[in-house]
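Worksheet: one structure, shown below.
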Amino acid sequence: MRTRIPLALAAGMVVLMVLAFFSPKLKATYESPINNGLFIFMAFAVVPAIVSLIRLHVARIRRKHPDSIYSGIALSALFATLFCGLIIDKHAFNGPSFRWIVTFIFEPLQQAVFAFLAFFIVSAAYRAFRARTLEATLLLFAAVIVMIGNAILPLPGPSGPAELWLLTVPSMAVQRGIILGVALGIIAQSVRILLGLERGFVGRG
Amino acid sequence: MSTSIGVWVAALLTLAMFSFLYRENPVYRVAEHILVGVASGYTVLLMYYRVFIPVVWNGIAHPKGVESFFWTFLFTVLALLFLAPFVPRIGWLARIPAAIAVGYAAGQELIAAVQARLFPQLLDTVTAFDGASGAPAVIDALLIVVGTLSVVFYFTMTFRRTPVLNGVARVGVVFLMIGFGAVFGNMVISRFTLLIGRIEFLFGDWIHLIPS
Amino acid sequence: MIRRTSLGGLIAALLVLLPLAVQAQEASVTTWIVEGEAWVFIGILVMGGLAAVGIFYAKAGHTISARAMPAVEAAEDGIGRAVEMGRPVVFVPGVQGITKAGTIAGLSILRLVAEKCAEVGARLIVPCRDTIVTSIARETVEDAYKQAGRHEEYRSEDVFFISRRQLAYTAGVNGVLEREHPATVFLQGEFSAESLIFGETGNRAGAMLIAGTDKETQLPFFITTCDHTLIGEELYAAGAAISKDVLTLGSLRGVDLARLVVGAIIVLGIVLEIARLGWIRTMLGG
Amino acid sequence: MERLLNIDRQWIFLVVVVVMLVGAIAQPLIPMPISSESRQLYDVVGAVPERGAVIVAMDYGPASKDELDAMSVAVLHHAFARNLRVLGICFDQQGVSNAERLIMDVAADSNRRDGDDFVFLGFQSDMTAAILGMGTSIKDVFPEVMVDGESRTTAELPVMRGLEKLEDIALSVQMTGSKDYEKWINYGNARTGLTLATGATGAIVTGLYPYLSSGQVSGLLRSTRGAADYERLVLDAHPGLERSAGRKMSVQFLAHIMLLVFIALANVGGLLGRRTAAEDDPA
């Protein structure tokens, strides 16, 4: 019962979607209500994640966990953002006080997290990007061509810039091979769901 | 130096995040937890104002028609099942809306796998030689066809490696390495741009060392 | 068992559909089936059918074996190397949770590595980023030592949880690699951008590196810094072969069959194109 | 707690920052040819008739701002300068505030009126359902929008006159740093024939070339390089656009040379036998 119904529902949805694609009558009847339904689902699907985050930090504070000060900061940041969004800019989502938080707190923090990836590439390049195997040699050779062509100087290639030729012929063939392979993998997964064999979203028991 | 409070706040938070490079420290953890808190607040406000109110609230409070009211109400009730895990013993009910969402996506992806991935890409491979006049274009077309085929067959997993399949796989590896080299090359300009952006902000907008 | 589930699935689907289909009669649009998409429908049936054939073939009990993979074969001498040099083996099961296919495959490969370490008596260290993955990893390694009859040598403190926060985990694993000077490092699972450090530090420590990930953006860095790398589906196939995961192996067989059809369409299509007969082209919507 | 910056890595970090700072200040100008993918995007925007409708989908979060904002601003500036009707969209949960700010700022600079010349349709919580829904009715997917601070019904807006569904849209330009360009291709172009163009981060642009070759995508911006080329093309015809990607390219020039030097050192060092790897037969 706990697994049969979800598996059957998922299988039914796959069949309905494929039939709706081929039958304009079916599509016209069910497309907009189901699309709207998906919007509602995805809005509510966020609630459990937020609630468990709050419960985690509240529990830490109540248990006097050594990191409870940080939990306090996370919770006050959350409620300050909600306070700005709901109370200060009363009607709109992107009101002035909320925009200030996003522009000067949220976005800079998020951008800083990814900024030092560039630095990791340089330190790895110096210490580890050696052409030890045939594969690594080919890879580095292609990478150097693309790097030079992207930002250093225009390298002449067979028919136009070298890096453009590389991106539109050999690399394009590789990416196309991957797209075709992934497409077959997606079909296999949809078939598993259609046959009620894909237990991923249902869990064990 | 900049005189705007906002720029100062952003600059100090940026340095707090970068301090992790030296060692994990309290200043970094404060910045990290502020990020977690604000990100959650952002999501709640976005979903409330831009999805809950226009689709759910207005869909029920003043619906376009009886039928649209029924569908919105039905899906809202189903969506509430996402909260079931907070009630003991009926947690599994959350699988119902999840199953519908998974089935919806799987159905659409199944159609798109053939209509938007296989057919158009196979068509462009099959017609690779059509417009090819002159040696370079023919060679390019040949490389594209051989490259695509060798990569598709490199990833055969359950066929025994006959000499033919081994040969194809060896060609496939050569193409794959060139392909990953291209990914590597484009990754570099992408990751560098992020660090350049932060340096432009810190030394430009904050310290006014860089002429903006 | 699969008979009932899939049959149940299809019956339920029809029950859901019948009333809906009937109610659809009155909808304003006239035609039932849109022309022009017929070939897409046939494509779904053929490719989907082949995938189902592979799955049922595996479910019916036929054994399907994954092809040999150098990275998996290298595991054996990588662990032998650790015993000779008297240094540990470090296994990093990726940075994602248990719901990810890459993590599941990584943990299957952990079982193979743990069994080999138990046999030859090499010390195995497994730093994890997810509490559930940690408990599964502990179970897997302990089970391997038990089966090799060396349960007393199993050290549960060597399979540990560092932190859920991605950067803290990266720094933690980096520290383990620098401190323990492992002879061999396995990086198997789903990794993200900062995992690039593991290849660099492992290289620095002079370790033999055997990686595997399905993240395309991470593969170029692993290929250049590691000795062997499982690429994309190779990771899933290696994991499924070890754990004898019938469903995955069946799907891989079905997809391999579909690859033959894709290859045939390309070769045949080009031949017909050159012969000015555009059947395949029109089928593909050209 | 472990450190990521041991002695070796510290001086490398210093070199990187210094090189980038020198690049940012000195701004070495390197003449590079316009990449053909950028020209294709410029031409496809240029081909839209006056008052034609263009979707600008800024589907990215803060992590990609430094790379993609320059593209969004350039596309918006180009579209407004050509007096096109612009529909702004953002499907990234953390990018909606930024997307709204960008379209409002660029519209103000080009003195285009909210509700008449453009509208920010905003966000919807499931991208697949939204694009499929827009294939039938755009106003069903985005029933209400904010115009000059008030909530209005989308269908009544002058800018939406004659724009019922995706078939009525001349072009959709998406800026993205993730694989979700596939959703616009699968459910926009494949289902309704919508003409697409994509401004992509370097992390994902390589995977888009098969779609450019097959015609499913009609223009492509290759990270900051593509953005800088597109800025130059737009500036030639429509002045007033800031060369923010162009400025970053000067820093990229020095940074890329530095990286090549490091790779050379690593391989030269390798040859000197610092760590000779066992010879392996290819996989």
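Ordering of the structure tokens sets the chain letters (A, B, ...), residue numbers begin anew at 1 in every chain, and ligands are numbered from 1 in the order given.
Every protein or nucleic acid residue with an atom no more than 12 Å from C:Ile162, counting only C-alpha atoms and leaving out same-chain residues fewer than 2 positions away, appears here: C:Val92, C:Val95, C:Val126, C:Pro127, C:Cys128, C:Arg129, C:Asp130, C:Thr131, C:Val133, C:Thr134, C:Glu157, C:Asp158, C:Val159, C:Phe160, C:Arg164, C:Arg165, C:Gln166, C:Leu167, C:Ala168, C:Tyr169, C:Thr170, C:Ala171, C:Gly172, C:Val173, C:Asn174, C:Gly175, C:Val176, D:Met1, D:Glu2.
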Those in stretch 141-212 of chain C with alpha helix (DSSP H) from DSSP, as a PyMOL selection string: chain C and resi 141-147+166-180+196-204
Export, as a PDB file, in the first residue's frame, the selected residues with N, CA and C atoms.
ATOM      1  N   VAL C 141      32.330  -1.753   5.418  1.00  0.00           N
ATOM      2  CA  VAL C 141      33.733  -2.099   5.717  1.00  0.00           C
ATOM      3  C   VAL C 141      33.782  -3.197   6.786  1.00  0.00           C
ATOM      4  N   GLU C 142      32.934  -3.031   7.810  1.00  0.00           N
ATOM      5  CA  GLU C 142      32.949  -4.060   8.885  1.00  0.00           C
ATOM      6  C   GLU C 142      32.566  -5.423   8.303  1.00  0.00           C
ATOM      7  N   ASP C 143      31.556  -5.428   7.442  1.00  0.00           N
ATOM      8  CA  ASP C 143      31.094  -6.670   6.810  1.00  0.00           C
ATOM      9  C   ASP C 143      32.241  -7.303   6.020  1.00  0.00           C
ATOM     10  N   ALA C 144      33.002  -6.476   5.322  1.00  0.00           N
ATOM     11  CA  ALA C 144      34.106  -6.993   4.491  1.00  0.00           C
ATOM     12  C   ALA C 144      35.161  -7.651   5.377  1.00  0.00           C
ATOM     13  N   TYR C 145      35.489  -6.999   6.490  1.00  0.00           N
ATOM     14  CA  TYR C 145      36.501  -7.589   7.385  1.00  0.00           C
ATOM     15  C   TYR C 145      35.982  -8.877   7.985  1.00  0.00           C
ATOM     16  N   LYS C 146      34.664  -8.901   8.306  1.00  0.00           N
ATOM     17  CA  LYS C 146      34.083 -10.126   8.893  1.00  0.00           C
ATOM     18  C   LYS C 146      34.202 -11.269   7.885  1.00  0.00           C
ATOM     19  N   GLN C 147      33.837 -10.984   6.617  1.00  0.00           N
ATOM     20  CA  GLN C 147      33.862 -12.057   5.603  1.00  0.00           C
ATOM     21  C   GLN C 147      35.285 -12.547   5.365  1.00  0.00           C
ATOM     22  N   GLN C 166      30.239  21.680   2.981  1.00  0.00           N
ATOM     23  CA  GLN C 166      31.082  21.223   1.878  1.00  0.00           C
ATOM     24  C   GLN C 166      32.530  21.673   2.018  1.00  0.00           C
ATOM     25  N   LEU C 167      32.749  22.929   2.348  1.00  0.00           N
ATOM     26  CA  LEU C 167      34.132  23.423   2.416  1.00  0.00           C
ATOM     27  C   LEU C 167      34.865  22.807   3.593  1.00  0.00           C
ATOM     28  N   ALA C 168      34.148  22.661   4.714  1.00  0.00           N
ATOM     29  CA  ALA C 168      34.793  22.060   5.885  1.00  0.00           C
ATOM     30  C   ALA C 168      35.179  20.607   5.560  1.00  0.00           C
ATOM     31  N   TYR C 169      34.322  19.925   4.823  1.00  0.00           N
ATOM     32  CA  TYR C 169      34.623  18.531   4.445  1.00  0.00           C
ATOM     33  C   TYR C 169      35.862  18.495   3.540  1.00  0.00           C
ATOM     34  N   THR C 170      35.902  19.425   2.566  1.00  0.00           N
ATOM     35  CA  THR C 170      37.048  19.468   1.640  1.00  0.00           C
ATOM     36  C   THR C 170      38.342  19.652   2.417  1.00  0.00           C
ATOM     37  N   ALA C 171      38.311  20.598   3.368  1.00  0.00           N
ATOM     38  CA  ALA C 171      39.527  20.859   4.156  1.00  0.00           C
ATOM     39  C   ALA C 171      39.863  19.639   5.006  1.00  0.00           C
ATOM     40  N   GLY C 172      38.829  18.990   5.534  1.00  0.00           N
ATOM     41  CA  GLY C 172      39.061  17.809   6.384  1.00  0.00           C
ATOM     42  C   GLY C 172      39.740  16.678   5.611  1.00  0.00           C
ATOM     43  N   VAL C 173      39.211  16.382   4.427  1.00  0.00           N
ATOM     44  CA  VAL C 173      39.811  15.299   3.624  1.00  0.00           C
ATOM     45  C   VAL C 173      41.229  15.701   3.228  1.00  0.00           C
ATOM     46  N   ASN C 174      41.398  16.971   2.884  1.00  0.00           N
ATOM     47  CA  ASN C 174      42.720  17.479   2.514  1.00  0.00           C
ATOM     48  C   ASN C 174      43.714  17.223   3.645  1.00  0.00           C
ATOM     49  N   GLY C 175      43.247  17.451   4.863  1.00  0.00           N
ATOM     50  CA  GLY C 175      44.103  17.225   6.036  1.00  0.00           C
ATOM     51  C   GLY C 175      44.459  15.748   6.177  1.00  0.00           C
ATOM     52  N   VAL C 176      43.473  14.879   5.982  1.00  0.00           N
ATOM     53  CA  VAL C 176      43.722  13.428   6.091  1.00  0.00           C
ATOM     54  C   VAL C 176      44.796  13.022   5.085  1.00  0.00           C
ATOM     55  N   LEU C 177      44.686  13.506   3.846  1.00  0.00           N
ATOM     56  CA  LEU C 177      45.651  13.128   2.801  1.00  0.00           C
ATOM     57  C   LEU C 177      47.047  13.636   3.163  1.00  0.00           C
ATOM     58  N   GLU C 178      47.111  14.843   3.724  1.00  0.00           N
ATOM     59  CA  GLU C 178      48.436  15.395   4.043  1.00  0.00           C
ATOM     60  C   GLU C 178      49.046  14.684   5.247  1.00  0.00           C
ATOM     61  N   ARG C 179      48.176  14.311   6.222  1.00  0.00           N
ATOM     62  CA  ARG C 179      48.685  13.717   7.473  1.00  0.00           C
ATOM     63  C   ARG C 179      49.049  12.252   7.286  1.00  0.00           C
ATOM     64  N   GLU C 180      48.163  11.503   6.609  1.00  0.00           N
ATOM     65  CA  GLU C 180      48.326  10.043   6.579  1.00  0.00           C
ATOM     66  C   GLU C 180      49.274   9.575   5.470  1.00  0.00           C
ATOM     67  N   LEU C 196      38.649  19.316  -6.647  1.00  0.00           N
ATOM     68  CA  LEU C 196      39.891  19.376  -7.422  1.00  0.00           C
ATOM     69  C   LEU C 196      41.103  19.262  -6.488  1.00  0.00           C
ATOM     70  N   ILE C 197      40.915  19.725  -5.251  1.00  0.00           N
ATOM     71  CA  ILE C 197      42.024  19.734  -4.284  1.00  0.00           C
ATOM     72  C   ILE C 197      42.483  18.312  -3.992  1.00  0.00           C
ATOM     73  N   PHE C 198      41.527  17.357  -3.955  1.00  0.00           N
ATOM     74  CA  PHE C 198      41.895  15.984  -3.568  1.00  0.00           C
ATOM     75  C   PHE C 198      42.923  15.427  -4.558  1.00  0.00           C
ATOM     76  N   GLY C 199      42.727  15.697  -5.845  1.00  0.00           N
ATOM     77  CA  GLY C 199      43.667  15.196  -6.857  1.00  0.00           C
ATOM     78  C   GLY C 199      45.036  15.823  -6.633  1.00  0.00           C
ATOM     79  N   GLU C 200      45.025  17.121  -6.345  1.00  0.00           N
ATOM     80  CA  GLU C 200      46.300  17.832  -6.181  1.00  0.00           C
ATOM     81  C   GLU C 200      47.036  17.338  -4.952  1.00  0.00           C
ATOM     82  N   THR C 201      46.337  17.292  -3.814  1.00  0.00           N
ATOM     83  CA  THR C 201      47.008  16.890  -2.562  1.00  0.00           C
ATOM     84  C   THR C 201      47.436  15.425  -2.651  1.00  0.00           C
ATOM     85  N   GLY C 202      46.569  14.590  -3.230  1.00  0.00           N
ATOM     86  CA  GLY C 202      46.910  13.166  -3.376  1.00  0.00           C
ATOM     87  C   GLY C 202      48.166  13.018  -4.224  1.00  0.00           C
ATOM     88  N   ASN C 203      48.223  13.797  -5.308  1.00  0.00           N
ATOM     89  CA  ASN C 203      49.398  13.789  -6.184  1.00  0.00           C
ATOM     90  C   ASN C 203      50.631  14.199  -5.398  1.00  0.00           C
ATOM     91  N   ARG C 204      50.444  15.259  -4.623  1.00  0.00           N
ATOM     92  CA  ARG C 204      51.542  15.825  -3.828  1.00  0.00           C
ATOM     93  C   ARG C 204      52.077  14.760  -2.867  1.00  0.00           C
TER      94      ARG C 204
END
For atom CA of A:Phe114 and atom CA of D:Gly207, the interatomic separation in Å (one decimal):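 If I compute the distance from atom CA of A:Phe114 to atom CA of D:Gly207, I get 21.2 Å.
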Among the residues A:Val51, A:Met147, A:Val15, A:Met1, the one that comes closest to chain C [using only C-alpha atoms]: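 Closest to chain C, using only C-alpha atoms: A:Val15.
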Set the distance at 12 Å and use only C-alpha atoms: which residues neighbour stretch 61-67 of chain A once local chain neighbours fewer than 5 positions away are removed? I'd like the list as a ChimeraX atom specification. /A:54-56,72-75 /B:26,29-30,33
Those residues you just picked out, can you put them in a file as a PDB file, in the first residue's frame with C-alpha atoms?
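This went into part.pdb:
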ATOM      1  CA  ILE A  54      14.603  25.796  11.827  1.00  0.00           C
ATOM      2  CA  ARG A  55      14.072  22.712  14.027  1.00  0.00           C
ATOM      3  CA  LEU A  56      17.780  21.785  13.679  1.00  0.00           C
ATOM      4  CA  GLY A  72      21.222  31.859  16.704  1.00  0.00           C
ATOM      5  CA  ILE A  73      22.808  33.859  13.899  1.00  0.00           C
ATOM      6  CA  ALA A  74      21.245  31.674  11.197  1.00  0.00           C
ATOM      7  CA  LEU A  75      17.773  31.980  12.745  1.00  0.00           C
TER       8      LEU A  75
ATOM      9  CA  PRO B  26      34.512  31.992  13.912  1.00  0.00           C
ATOM     10  CA  ARG B  29      31.271  30.518  10.410  1.00  0.00           C
ATOM     11  CA  VAL B  30      29.256  33.653  11.211  1.00  0.00           C
ATOM     12  CA  HIS B  33      25.362  30.955   8.885  1.00  0.00           C
TER      13      HIS B  33
END
Return as a PyMOL selection string the residues belonging to chain B that are within 9 Å of chain C, counting only C-alpha atoms. chain B and resi 20+23-24+110-111+113-115+118-120+122-130+145+149+152-153+155-161+177+180-184+187
Interface residues on chain A facing chain D, 7 Å, only C-alpha atoms, written as number ranges by chain: A: 32, 35, 38-39, 42-43, 94, 99, 107, 110-111, 114, 119, 122-123, 125-135, 147, 150-154, 167-168, 172, 175-176
Those selected residues, please, written with N, CA, C and O atoms and delivered as a CSV table (one decimal), in the first residue's frame.
chain,number,residue,atom,x,y,z
A,32,SER,N,-3.3,22.5,-18.5
A,32,SER,CA,-3.2,23.7,-17.6
A,32,SER,C,-3.5,23.4,-16.1
A,32,SER,O,-2.7,23.8,-15.3
A,35,ASN,N,-0.3,21.5,-14.9
A,35,ASN,CA,0.9,22.5,-14.8
A,35,ASN,C,0.7,23.3,-13.5
A,35,ASN,O,1.6,23.5,-12.8
A,38,LEU,N,1.6,21.4,-10.6
A,38,LEU,CA,3.0,21.3,-10.3
A,38,LEU,C,3.6,22.6,-9.6
A,38,LEU,O,4.4,22.5,-8.7
A,39,PHE,N,3.1,23.7,-10.1
A,39,PHE,CA,3.5,25.0,-9.4
A,39,PHE,C,3.2,24.9,-7.9
A,39,PHE,O,4.1,25.2,-7.0
A,42,MET,N,5.5,22.4,-6.1
A,42,MET,CA,6.9,22.8,-5.9
A,42,MET,C,7.0,24.0,-4.8
A,42,MET,O,8.0,24.1,-4.2
A,43,ALA,N,5.9,24.7,-4.7
A,43,ALA,CA,5.9,25.8,-3.7
A,43,ALA,C,5.8,25.1,-2.3
A,43,ALA,O,6.6,25.5,-1.4
A,94,ASN,N,10.0,42.1,-4.0
A,94,ASN,CA,11.3,42.7,-4.2
A,94,ASN,C,11.4,44.1,-3.6
A,94,ASN,O,11.9,45.0,-4.3
A,99,ARG,N,15.6,44.2,-1.0
A,99,ARG,CA,16.6,44.3,-2.0
A,99,ARG,C,18.0,44.7,-1.4
A,99,ARG,O,19.0,44.2,-1.9
A,107,GLU,N,23.9,38.3,-2.0
A,107,GLU,CA,24.7,38.0,-3.2
A,107,GLU,C,26.2,38.1,-3.0
A,107,GLU,O,26.9,37.1,-3.4
A,110,GLN,N,27.3,34.7,-1.5
A,110,GLN,CA,27.2,33.6,-2.4
A,110,GLN,C,28.3,33.7,-3.5
A,110,GLN,O,28.9,32.6,-3.8
A,111,GLN,N,28.6,34.9,-3.9
A,111,GLN,CA,29.6,35.0,-4.9
A,111,GLN,C,31.0,34.7,-4.3
A,111,GLN,O,31.9,34.1,-5.0
A,114,PHE,N,32.1,30.9,-4.3
A,114,PHE,CA,32.6,30.2,-5.5
A,114,PHE,C,33.9,30.9,-6.1
A,114,PHE,O,34.5,30.4,-7.0
A,119,PHE,N,41.3,30.0,-7.8
A,119,PHE,CA,42.6,29.8,-7.2
A,119,PHE,C,43.0,28.3,-7.1
A,119,PHE,O,44.1,27.9,-7.3
A,122,VAL,N,44.5,27.1,-10.2
A,122,VAL,CA,45.9,27.5,-10.5
A,122,VAL,C,46.9,26.6,-9.6
A,122,VAL,O,47.9,26.1,-10.1
A,123,SER,N,46.5,26.4,-8.3
A,123,SER,CA,47.4,25.6,-7.5
A,123,SER,C,47.5,24.2,-7.9
A,123,SER,O,48.6,23.6,-7.9
A,125,ALA,N,47.1,23.3,-11.0
A,125,ALA,CA,47.8,23.3,-12.3
A,125,ALA,C,49.3,23.2,-12.1
A,125,ALA,O,50.0,22.4,-12.7
A,126,TYR,N,49.8,24.0,-11.1
A,126,TYR,CA,51.2,24.0,-10.8
A,126,TYR,C,51.7,22.7,-10.3
A,126,TYR,O,52.8,22.2,-10.7
A,127,ARG,N,50.9,22.0,-9.5
A,127,ARG,CA,51.4,20.8,-8.8
A,127,ARG,C,51.0,19.5,-9.4
A,127,ARG,O,51.5,18.5,-9.0
A,128,ALA,N,50.0,19.5,-10.2
A,128,ALA,CA,49.4,18.2,-10.6
A,128,ALA,C,49.1,18.0,-12.1
A,128,ALA,O,48.9,16.9,-12.5
A,129,PHE,N,49.0,19.1,-12.8
A,129,PHE,CA,48.5,18.9,-14.2
A,129,PHE,C,49.7,18.5,-15.1
A,129,PHE,O,50.2,19.2,-15.9
A,130,ARG,N,50.1,17.2,-14.9
A,130,ARG,CA,51.2,16.7,-15.7
A,130,ARG,C,50.7,15.8,-16.7
A,130,ARG,O,49.7,15.1,-16.5
A,131,ALA,N,51.4,15.9,-17.9
A,131,ALA,CA,50.9,15.0,-19.0
A,131,ALA,C,51.5,13.6,-18.8
A,131,ALA,O,52.4,13.2,-19.6
A,132,ARG,N,51.0,12.9,-17.8
A,132,ARG,CA,51.7,11.6,-17.4
A,132,ARG,C,51.2,10.5,-18.4
A,132,ARG,O,51.9,9.7,-18.8
A,133,THR,N,49.9,10.5,-18.6
A,133,THR,CA,49.3,9.4,-19.4
A,133,THR,C,49.0,10.0,-20.8
A,133,THR,O,48.9,11.2,-20.9
A,134,LEU,N,48.7,9.1,-21.8
A,134,LEU,CA,48.3,9.6,-23.1
A,134,LEU,C,47.1,10.5,-23.0
A,134,LEU,O,47.0,11.5,-23.6
A,135,GLU,N,46.1,10.0,-22.1
A,135,GLU,CA,44.9,10.7,-22.0
A,135,GLU,C,45.1,12.1,-21.5
A,135,GLU,O,44.7,13.1,-22.1
A,147,MET,N,42.2,27.5,-24.2
A,147,MET,CA,42.5,28.7,-23.3
A,147,MET,C,43.2,29.8,-24.1
A,147,MET,O,42.8,31.0,-23.9
A,150,ASN,N,40.6,31.5,-26.2
A,150,ASN,CA,39.6,32.2,-25.5
A,150,ASN,C,40.1,33.6,-25.1
A,150,ASN,O,39.3,34.6,-25.2
A,151,ALA,N,41.3,33.7,-24.6
A,151,ALA,CA,41.7,34.9,-23.9
A,151,ALA,C,43.1,35.4,-24.2
A,151,ALA,O,43.4,36.5,-23.7
A,152,ILE,N,43.9,34.7,-24.9
A,152,ILE,CA,45.3,35.2,-25.1
A,152,ILE,C,45.5,35.7,-26.5
A,152,ILE,O,45.6,36.9,-26.7
A,153,LEU,N,45.5,34.9,-27.5
A,153,LEU,CA,45.6,35.4,-28.9
A,153,LEU,C,44.9,34.5,-29.9
A,153,LEU,O,44.7,33.3,-29.6
A,154,PRO,N,44.5,35.1,-31.0
A,154,PRO,CA,43.7,34.3,-32.0
A,154,PRO,C,44.7,33.2,-32.6
A,154,PRO,O,45.6,33.6,-33.3
A,167,LEU,N,35.9,23.3,-30.7
A,167,LEU,CA,34.7,23.3,-30.0
A,167,LEU,C,33.5,22.8,-31.0
A,167,LEU,O,32.5,22.2,-30.5
A,168,THR,N,33.6,23.1,-32.3
A,168,THR,CA,32.5,22.8,-33.2
A,168,THR,C,32.7,21.5,-33.9
A,168,THR,O,31.8,21.0,-34.6
A,172,MET,N,32.4,18.9,-30.2
A,172,MET,CA,31.0,18.8,-30.5
A,172,MET,C,30.6,17.4,-30.7
A,172,MET,O,29.5,16.9,-30.1
A,175,GLN,N,30.4,15.8,-27.2
A,175,GLN,CA,29.2,16.2,-26.5
A,175,GLN,C,27.9,15.6,-27.1
A,175,GLN,O,27.0,15.2,-26.4
A,176,ARG,N,27.9,15.5,-28.4
A,176,ARG,CA,26.7,14.8,-29.1
A,176,ARG,C,26.6,13.4,-28.7
A,176,ARG,O,25.5,12.9,-28.4
For the strand (DSSP E or B) assignment from backbone DSSP, which residues of stretch 64-153 of chain D qualify? Please present them as a PDB file with C-alpha atoms, in the first residue's frame.
ATOM      1  CA  ARG D  85       8.816  44.267 -26.488  1.00  0.00           C
ATOM      2  CA  VAL D  86      10.736  42.466 -23.707  1.00  0.00           C
ATOM      3  CA  LEU D  87       9.287  39.808 -21.341  1.00  0.00           C
ATOM      4  CA  GLY D  88      11.655  39.242 -18.397  1.00  0.00           C
ATOM      5  CA  ILE D  89      11.714  35.829 -16.683  1.00  0.00           C
ATOM      6  CA  ASP D 114       6.853  49.200 -17.571  1.00  0.00           C
ATOM      7  CA  PHE D 118       8.316  45.475 -21.219  1.00  0.00           C
ATOM      8  CA  VAL D 119       7.130  43.490 -18.235  1.00  0.00           C
ATOM      9  CA  PHE D 120       8.957  41.326 -15.698  1.00  0.00           C
ATOM     10  CA  LEU D 121       6.841  38.144 -15.700  1.00  0.00           C
ATOM     11  CA  GLY D 122       9.016  36.896 -12.830  1.00  0.00           C
ATOM     12  CA  GLU D 144      -0.282  38.420 -12.005  1.00  0.00           C
ATOM     13  CA  VAL D 145       2.769  40.674 -12.362  1.00  0.00           C
ATOM     14  CA  MET D 146       4.144  43.763 -10.668  1.00  0.00           C
ATOM     15  CA  VAL D 147       3.997  46.881 -12.842  1.00  0.00           C
ATOM     16  CA  GLU D 150       1.281  47.494  -8.206  1.00  0.00           C
ATOM     17  CA  SER D 151       0.014  43.991  -8.858  1.00  0.00           C
ATOM     18  CA  ARG D 152      -1.732  43.827 -12.270  1.00  0.00           C
ATOM     19  CA  THR D 153      -3.392  41.057 -14.240  1.00  0.00           C
TER      20      THR D 153
END
What are the closest atom pairs, with distances in Å to one decimal, for each residue of chain D lying within 6 Å of chain B, using only C-alpha atoms, rows by chain and rising residue number, as JSON lines?
{"residue": "D:Arg3", "atom": "CA", "partner": "B:Arg23", "partner_atom": "CA", "distance": 4.7}
{"residue": "D:Leu4", "atom": "CA", "partner": "B:Leu21", "partner_atom": "CA", "distance": 5.4}
{"residue": "D:Leu5", "atom": "CA", "partner": "B:Tyr22", "partner_atom": "CA", "distance": 5.4}
{"residue": "D:Ile25", "atom": "CA", "partner": "B:Ile210", "partner_atom": "CA", "distance": 5.3}
{"residue": "D:Asp66", "atom": "CA", "partner": "B:Gly197", "partner_atom": "CA", "distance": 5.5}
{"residue": "D:Asn186", "atom": "CA", "partner": "B:Ala116", "partner_atom": "CA", "distance": 5.2}
{"residue": "D:Ala190", "atom": "CA", "partner": "B:Ala116", "partner_atom": "CA", "distance": 5.5}
{"residue": "D:Gly202", "atom": "CA", "partner": "B:Ser190", "partner_atom": "CA", "distance": 4.5}
{"residue": "D:Ala203", "atom": "CA", "partner": "B:Met187", "partner_atom": "CA", "distance": 4.8}
{"residue": "D:Thr206", "atom": "CA", "partner": "B:Val183", "partner_atom": "CA", "distance": 5.8}
{"residue": "D:Ser214", "atom": "CA", "partner": "B:Asp124", "partner_atom": "CA", "distance": 5.3}
Take the residues just selected and output them with N, CA and C atoms as a short mmCIF file (atom, residue, chain, number, x, y, z; two decimals), in the first residue's frame.
data_model
loop_
_atom_site.label_atom_id
_atom_site.label_comp_id
_atom_site.auth_asym_id
_atom_site.auth_seq_id
_atom_site.Cartn_x
_atom_site.Cartn_y
_atom_site.Cartn_z
N ARG D 3 43.79 23.41 7.28
CA ARG D 3 43.94 24.65 6.48
C ARG D 3 44.03 24.28 5.00
N LEU D 4 43.42 25.10 4.17
CA LEU D 4 43.53 24.85 2.71
C LEU D 4 44.78 25.52 2.19
N LEU D 5 45.27 26.48 3.00
CA LEU D 5 46.38 27.32 2.51
C LEU D 5 47.67 26.91 3.21
N ILE D 25 44.06 46.91 -13.29
CA ILE D 25 44.48 48.32 -13.28
C ILE D 25 45.04 48.69 -14.66
N ASP D 66 28.72 37.42 -11.76
CA ASP D 66 29.90 38.06 -12.34
C ASP D 66 30.08 37.65 -13.81
N ASN D 186 14.08 21.41 -24.83
CA ASN D 186 13.10 20.30 -24.87
C ASN D 186 11.67 20.79 -25.00
N ALA D 190 11.57 22.52 -29.12
CA ALA D 190 11.11 21.26 -29.74
C ALA D 190 9.59 21.23 -29.83
N GLY D 202 31.14 29.44 -18.84
CA GLY D 202 32.12 28.53 -19.42
C GLY D 202 31.96 27.11 -18.92
N ALA D 203 31.40 26.97 -17.70
CA ALA D 203 31.26 25.63 -17.11
C ALA D 203 30.32 24.75 -17.94
N THR D 206 30.34 24.31 -23.30
CA THR D 206 30.88 23.29 -24.22
C THR D 206 29.79 22.30 -24.65
N SER D 214 22.90 21.80 -34.69
CA SER D 214 21.64 21.25 -35.22
C SER D 214 20.61 22.34 -35.44
#
